[in-house]
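Content type compact mmCIF, C-alpha atoms and all ligand atoms, from the file entry_7.txt:
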# COMPACT_ATOMS: atom_id res chain seq x y z
CA MET A 1 124.49 95.13 119.27
CA SER A 2 126.18 91.93 118.11
CA LYS A 3 127.36 91.31 114.59
CA THR A 4 124.86 89.62 112.29
CA SER A 5 125.13 85.87 112.36
CA HIS A 6 126.50 85.57 108.83
CA GLN A 7 129.25 88.09 109.55
CA ARG A 8 130.09 86.16 112.69
CA ARG A 9 130.08 82.83 110.90
CA TYR A 10 132.32 83.96 108.07
CA ARG A 11 135.84 83.16 109.21
CA GLY A 12 137.75 81.83 106.20
CA SER A 13 139.49 83.63 103.39
CA CYS A 14 137.18 85.10 100.78
CA GLN A 15 137.14 82.17 98.38
CA GLY A 16 133.91 83.21 96.83
CA LYS A 17 130.71 85.06 97.49
CA LEU A 18 127.39 83.37 97.17
CA SER A 19 124.54 85.85 96.91
CA ILE A 20 120.92 84.80 96.77
CA VAL A 21 119.31 87.71 95.00
CA GLY A 22 115.66 88.71 94.77
CA ILE A 23 114.99 90.29 91.38
CA GLY A 24 111.46 91.56 92.07
CA PRO A 25 108.40 90.85 89.94
CA GLY A 26 110.05 91.20 86.54
CA ASP A 27 110.71 94.64 85.13
CA LEU A 28 114.25 95.85 85.77
CA SER A 29 112.87 99.09 87.18
CA CYS A 30 111.74 97.04 90.18
CA LEU A 31 115.23 95.62 90.80
CA THR A 32 116.77 97.18 93.90
CA GLN A 33 120.08 99.00 93.58
CA LYS A 34 121.69 96.40 95.82
CA ALA A 35 120.40 93.51 93.70
CA ARG A 36 121.60 95.20 90.51
CA GLN A 37 125.02 95.89 91.99
CA THR A 38 125.37 92.33 93.27
CA ILE A 39 124.43 90.84 89.88
CA LYS A 40 126.84 93.22 88.13
CA CYS A 41 129.70 92.11 90.40
CA SER A 42 128.99 88.41 89.94
CA GLN A 43 130.94 86.19 87.59
CA VAL A 44 128.31 83.46 87.59
CA ILE A 45 124.52 83.83 87.46
CA VAL A 46 122.40 80.84 88.35
CA GLY A 47 118.64 80.80 87.84
CA TYR A 48 115.44 79.57 86.30
CA LYS A 49 115.59 80.36 82.58
CA THR A 50 112.56 82.70 82.58
CA TYR A 51 114.17 84.84 85.31
CA ILE A 52 117.56 84.87 83.55
CA ALA A 53 115.74 86.22 80.47
CA LEU A 54 114.16 88.98 82.58
CA LEU A 55 117.65 90.23 83.48
CA GLY A 56 118.39 91.14 79.84
CA ASN A 57 121.84 92.65 79.36
CA LEU A 58 122.76 92.33 83.03
CA THR A 59 123.99 88.78 82.38
CA LYS A 60 126.15 89.79 79.43
CA GLY A 61 129.70 88.39 79.62
CA LYS A 62 128.92 86.23 82.65
CA GLU A 63 128.76 82.49 83.04
CA VAL A 64 125.05 81.66 83.09
CA ILE A 65 123.74 78.44 84.56
CA SER A 66 120.05 78.18 83.83
CA SER A 67 117.61 75.34 84.15
CA GLY A 68 113.91 74.72 84.33
CA MET A 69 111.27 74.63 87.02
CA THR A 70 111.65 71.67 89.48
CA GLU A 71 115.44 71.78 89.11
CA GLU A 72 115.92 74.03 92.11
CA ILE A 73 118.05 71.60 94.15
CA LYS A 74 120.45 71.05 91.25
CA ARG A 75 120.71 74.81 90.66
CA ALA A 76 121.43 75.48 94.33
CA GLN A 77 124.09 72.75 94.43
CA GLU A 78 125.75 74.08 91.29
CA ALA A 79 125.79 77.59 92.76
CA ILE A 80 127.39 76.37 96.00
CA GLN A 81 130.01 74.46 94.00
CA LYS A 82 130.88 77.56 91.93
CA GLY A 83 131.22 79.58 95.13
CA LYS A 84 133.56 76.95 96.54
CA GLU A 85 135.65 77.23 93.38
CA GLY A 86 136.21 80.87 94.36
CA LYS A 87 133.70 82.55 92.05
CA ASN A 88 131.33 85.35 92.90
CA VAL A 89 127.94 83.79 92.30
CA SER A 90 124.41 85.19 92.22
CA VAL A 91 121.54 82.75 92.56
CA ILE A 92 118.53 84.67 91.34
CA SER A 93 115.01 84.22 92.58
CA SER A 94 111.85 86.06 91.55
CA GLY A 95 110.33 88.55 93.96
CA ASP A 96 112.00 88.13 97.32
CA PRO A 97 114.35 85.13 97.58
CA GLY A 98 113.14 84.33 101.09
CA ILE A 99 109.47 83.99 100.07
CA TYR A 100 108.93 80.57 98.45
CA GLY A 101 112.32 81.28 96.88
CA MET A 102 115.88 80.00 96.66
CA ALA A 103 117.26 81.50 99.90
CA GLY A 104 115.83 78.81 102.17
CA LEU A 105 116.95 75.98 99.91
CA VAL A 106 120.53 77.26 99.56
CA LEU A 107 120.89 77.84 103.31
CA GLU A 108 119.50 74.35 104.01
CA LEU A 109 122.04 72.76 101.67
CA LEU A 110 125.11 74.53 103.06
CA ASN A 111 127.20 72.57 105.53
CA LYS A 112 129.39 73.91 108.32
CA LYS A 113 132.54 73.92 106.15
CA ASP A 114 130.76 75.83 103.36
CA ILE A 115 129.59 78.41 105.87
CA ASP A 116 133.15 78.89 107.14
CA THR A 117 134.66 79.37 103.70
CA LEU A 118 131.99 81.11 101.66
CA ARG A 119 130.65 84.60 102.06
CA ILE A 120 126.85 84.30 102.01
CA GLU A 121 124.45 87.13 101.38
CA VAL A 122 120.67 87.19 100.93
CA ILE A 123 119.57 90.24 98.94
CA PRO A 124 115.90 91.13 99.40
CA GLY A 125 113.59 91.85 96.47
CA VAL A 126 110.13 93.29 95.92
CA PRO A 127 107.75 90.37 96.55
CA SER A 128 104.79 89.65 94.25
CA ALA A 129 102.40 90.24 97.12
CA THR A 130 103.34 93.91 97.41
CA ALA A 131 104.03 94.42 93.71
CA CYS A 132 100.53 93.11 92.88
CA ALA A 133 98.96 95.01 95.78
CA SER A 134 100.42 98.26 94.44
CA LEU A 135 98.67 97.67 91.11
CA LEU A 136 95.34 97.06 92.85
CA GLY A 137 95.49 99.99 95.27
CA ALA A 138 96.15 99.30 98.94
CA PRO A 139 94.61 95.92 99.80
CA LEU A 140 97.36 94.98 102.26
CA ALA A 141 97.04 98.01 104.52
CA ASN A 142 95.94 95.75 107.37
CA ASP A 143 96.88 92.26 108.58
CA PHE A 144 97.27 89.71 105.83
CA ALA A 145 98.20 86.07 105.35
CA VAL A 146 100.18 84.69 102.44
CA ILE A 147 99.34 81.13 101.39
CA SER A 148 100.86 79.14 98.55
CA LEU A 149 98.44 76.72 96.90
CA SER A 150 101.25 74.53 95.59
CA ASP A 151 100.76 71.10 97.13
CA LEU A 152 103.95 69.71 95.59
CA LEU A 153 106.11 70.64 98.57
CA THR A 154 103.46 71.39 101.21
CA ASP A 155 100.96 68.87 102.53
CA LYS A 156 97.45 69.52 101.21
CA ASN A 157 96.03 69.25 104.74
CA ASP A 158 98.30 72.06 105.92
CA ILE A 159 97.10 74.25 103.05
CA ILE A 160 93.47 73.52 103.99
CA LYS A 161 94.18 74.30 107.66
CA ARG A 162 95.82 77.62 106.78
CA LEU A 163 93.06 78.65 104.35
CA LYS A 164 90.43 77.96 106.99
CA ALA A 165 92.35 79.81 109.71
CA ALA A 166 93.04 82.85 107.53
CA SER A 167 89.50 83.16 106.20
CA GLN A 168 87.84 82.78 109.57
CA SER A 169 90.25 85.24 111.22
CA ASP A 170 89.45 88.06 108.79
CA PHE A 171 92.93 88.27 107.30
CA VAL A 172 93.32 89.65 103.81
CA ILE A 173 94.55 86.55 101.96
CA VAL A 174 97.28 86.54 99.31
CA LEU A 175 97.30 83.37 97.23
CA TYR A 176 100.57 82.46 95.56
CA ASN A 177 101.03 79.61 93.05
CA PRO A 178 97.26 79.53 92.52
CA LYS A 179 97.07 77.20 89.55
CA SER A 180 99.24 75.49 86.95
CA LYS A 181 98.30 73.53 83.84
CA LYS A 182 98.29 70.28 85.82
CA ARG A 183 97.42 71.60 89.29
CA ILE A 184 93.85 72.83 89.08
CA GLU A 185 92.19 71.31 92.15
CA PRO A 186 93.85 73.39 94.94
CA LEU A 187 92.39 76.67 93.64
CA LYS A 188 88.88 75.14 93.46
CA MET A 189 89.38 73.88 97.01
CA ALA A 190 90.59 77.32 98.16
CA TRP A 191 87.55 79.04 96.66
CA ARG A 192 85.23 76.54 98.40
CA ILE A 193 86.89 77.12 101.79
CA ILE A 194 86.97 80.90 101.44
CA ALA A 195 83.41 81.21 100.08
CA LYS A 196 82.10 79.23 103.04
CA ARG A 197 83.45 81.88 105.42
CA LEU A 198 83.33 85.16 103.46
CA PRO A 199 80.46 86.98 101.73
CA LEU A 200 80.37 86.47 97.96
CA ASN A 201 80.64 90.22 97.37
CA THR A 202 84.06 90.38 99.09
CA PRO A 203 86.48 92.29 96.80
CA VAL A 204 89.10 90.15 95.09
CA GLY A 205 92.10 91.46 93.14
CA ILE A 206 93.79 89.30 90.55
CA VAL A 207 97.10 90.31 89.00
CA LYS A 208 98.79 88.38 86.26
CA ASN A 209 102.35 89.13 85.09
CA ALA A 210 102.80 92.12 87.37
CA PHE A 211 105.50 94.45 86.00
CA ARG A 212 106.09 92.09 83.07
CA SER A 213 104.78 91.97 79.54
CA GLY A 214 101.21 90.66 79.49
CA GLN A 215 100.30 92.41 82.75
CA GLU A 216 96.59 92.07 83.62
CA ILE A 217 94.79 93.58 86.59
CA ILE A 218 91.28 92.54 87.58
CA ILE A 219 89.29 93.82 90.53
CA THR A 220 86.11 91.84 91.06
CA THR A 221 84.03 90.02 93.68
CA LEU A 222 84.62 86.63 95.25
CA LYS A 223 81.63 85.25 93.33
CA LYS A 224 82.95 86.39 89.94
CA ALA A 225 86.56 85.49 90.75
CA MET A 226 85.52 81.90 91.42
CA ALA A 227 84.23 81.64 87.85
CA LEU A 228 87.38 83.00 86.16
CA ASP A 229 89.50 80.55 84.23
CA ASN A 230 92.51 82.71 83.29
CA ILE A 231 94.33 82.36 86.62
CA ASP A 232 97.72 80.70 86.19
CA MET A 233 101.20 80.37 87.70
CA THR A 234 102.14 83.97 86.95
CA THR A 235 99.08 85.21 88.83
CA THR A 236 98.68 86.41 92.40
CA VAL A 237 95.22 86.58 93.96
CA ILE A 238 94.36 88.93 96.81
CA VAL A 239 91.10 88.30 98.68
CA GLY A 240 89.95 91.24 100.79
CA ASN A 241 88.82 91.09 104.41
CA SER A 242 85.41 92.13 105.75
CA LYS A 243 86.41 95.82 105.58
CA THR A 244 88.03 95.88 102.13
CA TYR A 245 86.14 98.11 99.67
CA LEU A 246 86.49 99.73 96.26
CA LYS A 247 86.93 103.45 95.77
CA ASN A 248 87.73 105.22 92.50
CA GLY A 249 88.75 101.89 91.01
CA TYR A 250 91.14 101.05 93.82
CA MET A 251 90.92 98.11 96.20
CA ILE A 252 91.43 99.43 99.72
CA THR A 253 91.66 97.70 103.07
CA PRO A 254 91.38 100.46 105.65
CA ARG A 255 94.14 100.77 108.21
CA GLY A 256 91.56 102.26 110.59
CA TYR A 257 92.40 105.99 110.52
CA PHE A 258 88.77 107.02 110.09
CA LYS A 259 87.37 104.76 112.77
CA ILE A 260 84.89 106.57 115.02
CA THR A 261 86.15 106.30 118.59
N1 LIG A 301 109.69 84.67 95.66
C1 LIG A 301 108.53 85.08 94.92
C2 LIG A 301 107.44 84.04 94.90
C3 LIG A 301 107.78 82.78 94.15
S1 LIG A 301 106.45 81.67 94.11
C4 LIG A 301 108.03 86.42 95.50
O1 LIG A 301 108.55 86.90 96.49
O2 LIG A 301 107.10 86.98 94.91
C5 LIG A 301 105.81 81.99 92.49
C6 LIG A 301 104.48 82.69 92.56
O3 LIG A 301 104.68 84.09 92.77
C7 LIG A 301 103.65 82.62 91.30
O4 LIG A 301 102.93 81.42 91.17
C8 LIG A 301 102.74 83.80 91.45
O5 LIG A 301 101.68 83.52 92.34
C9 LIG A 301 103.67 84.82 92.11
N2 LIG A 301 104.30 85.70 91.11
C10 LIG A 301 105.60 85.72 90.77
N3 LIG A 301 105.84 86.69 89.87
C11 LIG A 301 104.65 87.29 89.64
C12 LIG A 301 104.24 88.38 88.80
N4 LIG A 301 105.13 89.04 88.04
N5 LIG A 301 102.93 88.74 88.79
C13 LIG A 301 102.04 88.09 89.57
N6 LIG A 301 102.38 87.07 90.40
C14 LIG A 301 103.66 86.68 90.42
Please re-express this file's structure in structure tokens.
Amino acid sequence: MSKTSHQRRYRGSCQGKLSIVGIGPGDLSCLTQKARQTIKCSQVIVGYKTYIALLGNLTKGKEVISSGMTEEIKRAQEAIQKGKEGKNVSVISSGDPGIYGMAGLVLELLNKKDIDTLRIEVIPGVPSATACASLLGAPLANDFAVISLSDLLTDKNDIIKRLKAASQSDFVIVLYNPKSKKRIEPLKMAWRIIAKRLPLNTPVGIVKNAFRSGQEIIITTLKKAMALDNIDMTTTVIVGNSKTYLKNGYMITPRGYFKIT
């Protein structure tokens, strides 16, 4: 077994450690031990201000660099710079940093020299998809597709293509970034595409602010979900597949254990 690529790539003296840390859905009880330890050992914490606030006392005594949504590139560059100055830096990202998070961006920005001098670590976190699924029951117990409805960074035609493919292939569908104050159309479009291919009584789970204050859990049908207007950017939507059903208030997609052979 060869060494992992980042261990192999790291050849310079330990000038600084740059960790891209997934903090989970919100509540500190969902922070992994490794994420907590990494944040504790960091001198600098870089992140979106809402996520910094979720860390509470964990940022106490540390240099905090926080900024708003859409300032991701600036945050990543600042974090890399701090690492190059020899600091231990944590760039925090909600859920898992590799899922629509900061890990990809930071790795894309690093050049060869940075890679040789910095120690880089990506620390996984509990993603919203599974955090929200756990609050609904077990909707992801079979194959599922995760689609972000944000058309700021992804071409709208690609989103349409993926929604069509997922809904006609009987995947359970997890919708991230469903709607913002200004971005309302993509969710309407998603409902139209999905409703064309799935029965209107398909179970749909909607979780807002999972493991954060203001948590809301709704289990409903596709027809009723399409009429809801309280879906926002802190919401994840899970649309069942043709086998998903409700039992005792839980949304379940069977794995297939009770299939008659
Ligand atoms: N890296 C994150 C996703 C970031 S994209 C992860 O792994 O989960 C941001 C989207 O994630 C939001 O628009 C929303 O759809 C979802 N999300 C993030 N936190 C959430 C929470 N606490 N409850 C429900 N959905 C959440």
Q: Write as number ranges by chain the residues around ligand LIG 301 (chain A), taking 10 Å as the cut-off and counting all atoms listed in the file.
A: A: 22-27, 51, 92-103, 124-133, 147-150, 174-180, 206-217, 231-237
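When atom CA of Leu153 of chain A is paired with atom CA of Ala225 of chain A, their separation reads 25.8 Å.
Atom CA of Leu222 of chain A is positioned 6.2 Å from atom CA of Pro203 of chain A.
Distances to Glu121 of chain A were evaluated for A:Ser67, A:Asn142, A:Ser167, A:Asn88 using all atoms listed in the file, and the minimum falls at A:Asn88.
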Q: Using only C-alpha atoms, find the one residue out of A:Arg36, A:Lys259, A:Lys17, A:Lys112 that sits nearest to Lys87 of chain A.
A: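 Using only C-alpha atoms, Lys87 of chain A sits closest to A:Lys17.
Comparing A:Lys113, A:Lys62, A:Lys164, A:Lys224 by their smallest distance to Thr202 of chain A, the closest is A:Lys224 (using only C-alpha atoms).
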**Q.** Nearest residue to Ala138 of chain A from the set A:Leu228, A:Leu246, A:Ala165, A:Val106 (distances using only C-alpha atoms)
**A.** A:Leu246
Q | Top pick for closest residue to Glu85 of chain A, considering A:Ile45, A:Leu118, A:Val172, A:Leu55 and counting only C-alpha atoms | A |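 Looking at the shortest contact to Glu85 of chain A, the residue is A:Leu118.
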Q.
Just checking: using all atoms listed in the file, which residue out of A:Ser134, A:Ser42, A:Ser66, A:Asn230 ends up closest to Leu18 of chain A?
A. A:Ser42
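Atom CA of Asp155 of chain A sits 14.0 Å away from atom CA of Arg183 of chain A.
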Q: Can you pull out every residue within 12 Å of Glu108 of chain A, counting all atoms listed in the file, but drop anything in the same chain fewer than 6 positions away, and send it as a ChimeraX atom specification?
A: /A:73,76-77,80,102,114-115
Q: For Val89 of chain A, please output as a VMD selection string all residues within 12 Å (counting only C-alpha atoms; exclusion window: fewer than 6 positions along the same chain).
A: chain A and resid 15 to 21 38 to 47 59 62 to 65 75 to 83 118 to 122
For segment 198-219 of chain A, supply N, CA, C and O atoms and report the output as a PDB file, in the coordinates of the input.
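Listed below is the output, part_26.pdb:
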ATOM      1  N   LEU A 198      83.395  83.735 103.816  1.00  0.00           N
ATOM      2  CA  LEU A 198      83.330  85.160 103.460  1.00  0.00           C
ATOM      3  C   LEU A 198      82.145  85.437 102.547  1.00  0.00           C
ATOM      4  O   LEU A 198      81.773  84.584 101.735  1.00  0.00           O
ATOM      5  N   PRO A 199      81.557  86.645 102.632  1.00  0.00           N
ATOM      6  CA  PRO A 199      80.460  86.980 101.730  1.00  0.00           C
ATOM      7  C   PRO A 199      80.911  86.955 100.266  1.00  0.00           C
ATOM      8  O   PRO A 199      82.068  87.292  99.966  1.00  0.00           O
ATOM      9  N   LEU A 200      80.000  86.595  99.377  1.00  0.00           N
ATOM     10  CA  LEU A 200      80.370  86.470  97.960  1.00  0.00           C
ATOM     11  C   LEU A 200      80.670  87.807  97.290  1.00  0.00           C
ATOM     12  O   LEU A 200      81.233  87.842  96.198  1.00  0.00           O
ATOM     13  N   ASN A 201      80.305  88.905  97.950  1.00  0.00           N
ATOM     14  CA  ASN A 201      80.640  90.220  97.370  1.00  0.00           C
ATOM     15  C   ASN A 201      81.972  90.773  97.906  1.00  0.00           C
ATOM     16  O   ASN A 201      82.310  91.933  97.668  1.00  0.00           O
ATOM     17  N   THR A 202      82.733  89.953  98.607  1.00  0.00           N
ATOM     18  CA  THR A 202      84.060  90.380  99.090  1.00  0.00           C
ATOM     19  C   THR A 202      84.936  90.757  97.884  1.00  0.00           C
ATOM     20  O   THR A 202      85.034  89.987  96.922  1.00  0.00           O
ATOM     21  N   PRO A 203      85.605  91.915  97.934  1.00  0.00           N
ATOM     22  CA  PRO A 203      86.480  92.290  96.800  1.00  0.00           C
ATOM     23  C   PRO A 203      87.663  91.331  96.639  1.00  0.00           C
ATOM     24  O   PRO A 203      88.269  90.913  97.630  1.00  0.00           O
ATOM     25  N   VAL A 204      87.945  91.011  95.401  1.00  0.00           N
ATOM     26  CA  VAL A 204      89.100  90.150  95.090  1.00  0.00           C
ATOM     27  C   VAL A 204      89.907  90.827  93.977  1.00  0.00           C
ATOM     28  O   VAL A 204      89.336  91.288  92.984  1.00  0.00           O
ATOM     29  N   GLY A 205      91.208  90.901  94.166  1.00  0.00           N
ATOM     30  CA  GLY A 205      92.100  91.460  93.140  1.00  0.00           C
ATOM     31  C   GLY A 205      92.925  90.331  92.537  1.00  0.00           C
ATOM     32  O   GLY A 205      93.418  89.456  93.265  1.00  0.00           O
ATOM     33  N   ILE A 206      93.033  90.350  91.233  1.00  0.00           N
ATOM     34  CA  ILE A 206      93.790  89.300  90.550  1.00  0.00           C
ATOM     35  C   ILE A 206      94.806  89.980  89.632  1.00  0.00           C
ATOM     36  O   ILE A 206      94.428  90.799  88.795  1.00  0.00           O
ATOM     37  N   VAL A 207      96.068  89.682  89.841  1.00  0.00           N
ATOM     38  CA  VAL A 207      97.100  90.310  89.000  1.00  0.00           C
ATOM     39  C   VAL A 207      97.945  89.233  88.345  1.00  0.00           C
ATOM     40  O   VAL A 207      98.486  88.348  89.008  1.00  0.00           O
ATOM     41  N   LYS A 208      98.002  89.339  87.049  1.00  0.00           N
ATOM     42  CA  LYS A 208      98.790  88.380  86.260  1.00  0.00           C
ATOM     43  C   LYS A 208      99.979  89.126  85.655  1.00  0.00           C
ATOM     44  O   LYS A 208      99.821  90.251  85.186  1.00  0.00           O
ATOM     45  N   ASN A 209     101.144  88.529  85.691  1.00  0.00           N
ATOM     46  CA  ASN A 209     102.350  89.130  85.090  1.00  0.00           C
ATOM     47  C   ASN A 209     102.602  90.564  85.559  1.00  0.00           C
ATOM     48  O   ASN A 209     102.838  91.455  84.732  1.00  0.00           O
ATOM     49  N   ALA A 210     102.535  90.776  86.849  1.00  0.00           N
ATOM     50  CA  ALA A 210     102.800  92.120  87.370  1.00  0.00           C
ATOM     51  C   ALA A 210     104.175  92.608  86.920  1.00  0.00           C
ATOM     52  O   ALA A 210     105.159  91.865  87.010  1.00  0.00           O
ATOM     53  N   PHE A 211     104.230  93.822  86.428  1.00  0.00           N
ATOM     54  CA  PHE A 211     105.500  94.450  86.000  1.00  0.00           C
ATOM     55  C   PHE A 211     106.273  93.584  85.004  1.00  0.00           C
ATOM     56  O   PHE A 211     107.506  93.549  85.021  1.00  0.00           O
ATOM     57  N   ARG A 212     105.492  92.870  84.177  1.00  0.00           N
ATOM     58  CA  ARG A 212     106.090  92.090  83.070  1.00  0.00           C
ATOM     59  C   ARG A 212     105.202  92.276  81.867  1.00  0.00           C
ATOM     60  O   ARG A 212     104.062  92.729  82.010  1.00  0.00           O
ATOM     61  N   SER A 213     105.675  91.842  80.696  1.00  0.00           N
ATOM     62  CA  SER A 213     104.780  91.970  79.540  1.00  0.00           C
ATOM     63  C   SER A 213     103.593  91.018  79.758  1.00  0.00           C
ATOM     64  O   SER A 213     103.729  89.946  80.350  1.00  0.00           O
ATOM     65  N   GLY A 214     102.425  91.449  79.291  1.00  0.00           N
ATOM     66  CA  GLY A 214     101.210  90.660  79.490  1.00  0.00           C
ATOM     67  C   GLY A 214     100.538  90.945  80.816  1.00  0.00           C
ATOM     68  O   GLY A 214      99.693  90.160  81.271  1.00  0.00           O
ATOM     69  N   GLN A 215     100.907  92.076  81.436  1.00  0.00           N
ATOM     70  CA  GLN A 215     100.300  92.410  82.750  1.00  0.00           C
ATOM     71  C   GLN A 215      98.779  92.566  82.637  1.00  0.00           C
ATOM     72  O   GLN A 215      98.270  93.207  81.726  1.00  0.00           O
ATOM     73  N   GLU A 216      98.060  91.932  83.561  1.00  0.00           N
ATOM     74  CA  GLU A 216      96.590  92.070  83.620  1.00  0.00           C
ATOM     75  C   GLU A 216      96.181  92.316  85.057  1.00  0.00           C
ATOM     76  O   GLU A 216      96.687  91.666  85.979  1.00  0.00           O
ATOM     77  N   ILE A 217      95.260  93.252  85.234  1.00  0.00           N
ATOM     78  CA  ILE A 217      94.790  93.580  86.590  1.00  0.00           C
ATOM     79  C   ILE A 217      93.270  93.476  86.591  1.00  0.00           C
ATOM     80  O   ILE A 217      92.602  94.112  85.781  1.00  0.00           O
ATOM     81  N   ILE A 218      92.733  92.678  87.483  1.00  0.00           N
ATOM     82  CA  ILE A 218      91.280  92.540  87.580  1.00  0.00           C
ATOM     83  C   ILE A 218      90.872  92.800  89.024  1.00  0.00           C
ATOM     84  O   ILE A 218      91.461  92.234  89.953  1.00  0.00           O
ATOM     85  N   ILE A 219      89.878  93.658  89.195  1.00  0.00           N
ATOM     86  CA  ILE A 219      89.290  93.820  90.530  1.00  0.00           C
ATOM     87  C   ILE A 219      87.836  93.384  90.407  1.00  0.00           C
ATOM     88  O   ILE A 219      87.091  93.903  89.577  1.00  0.00           O
TER      89      ILE A 219
END
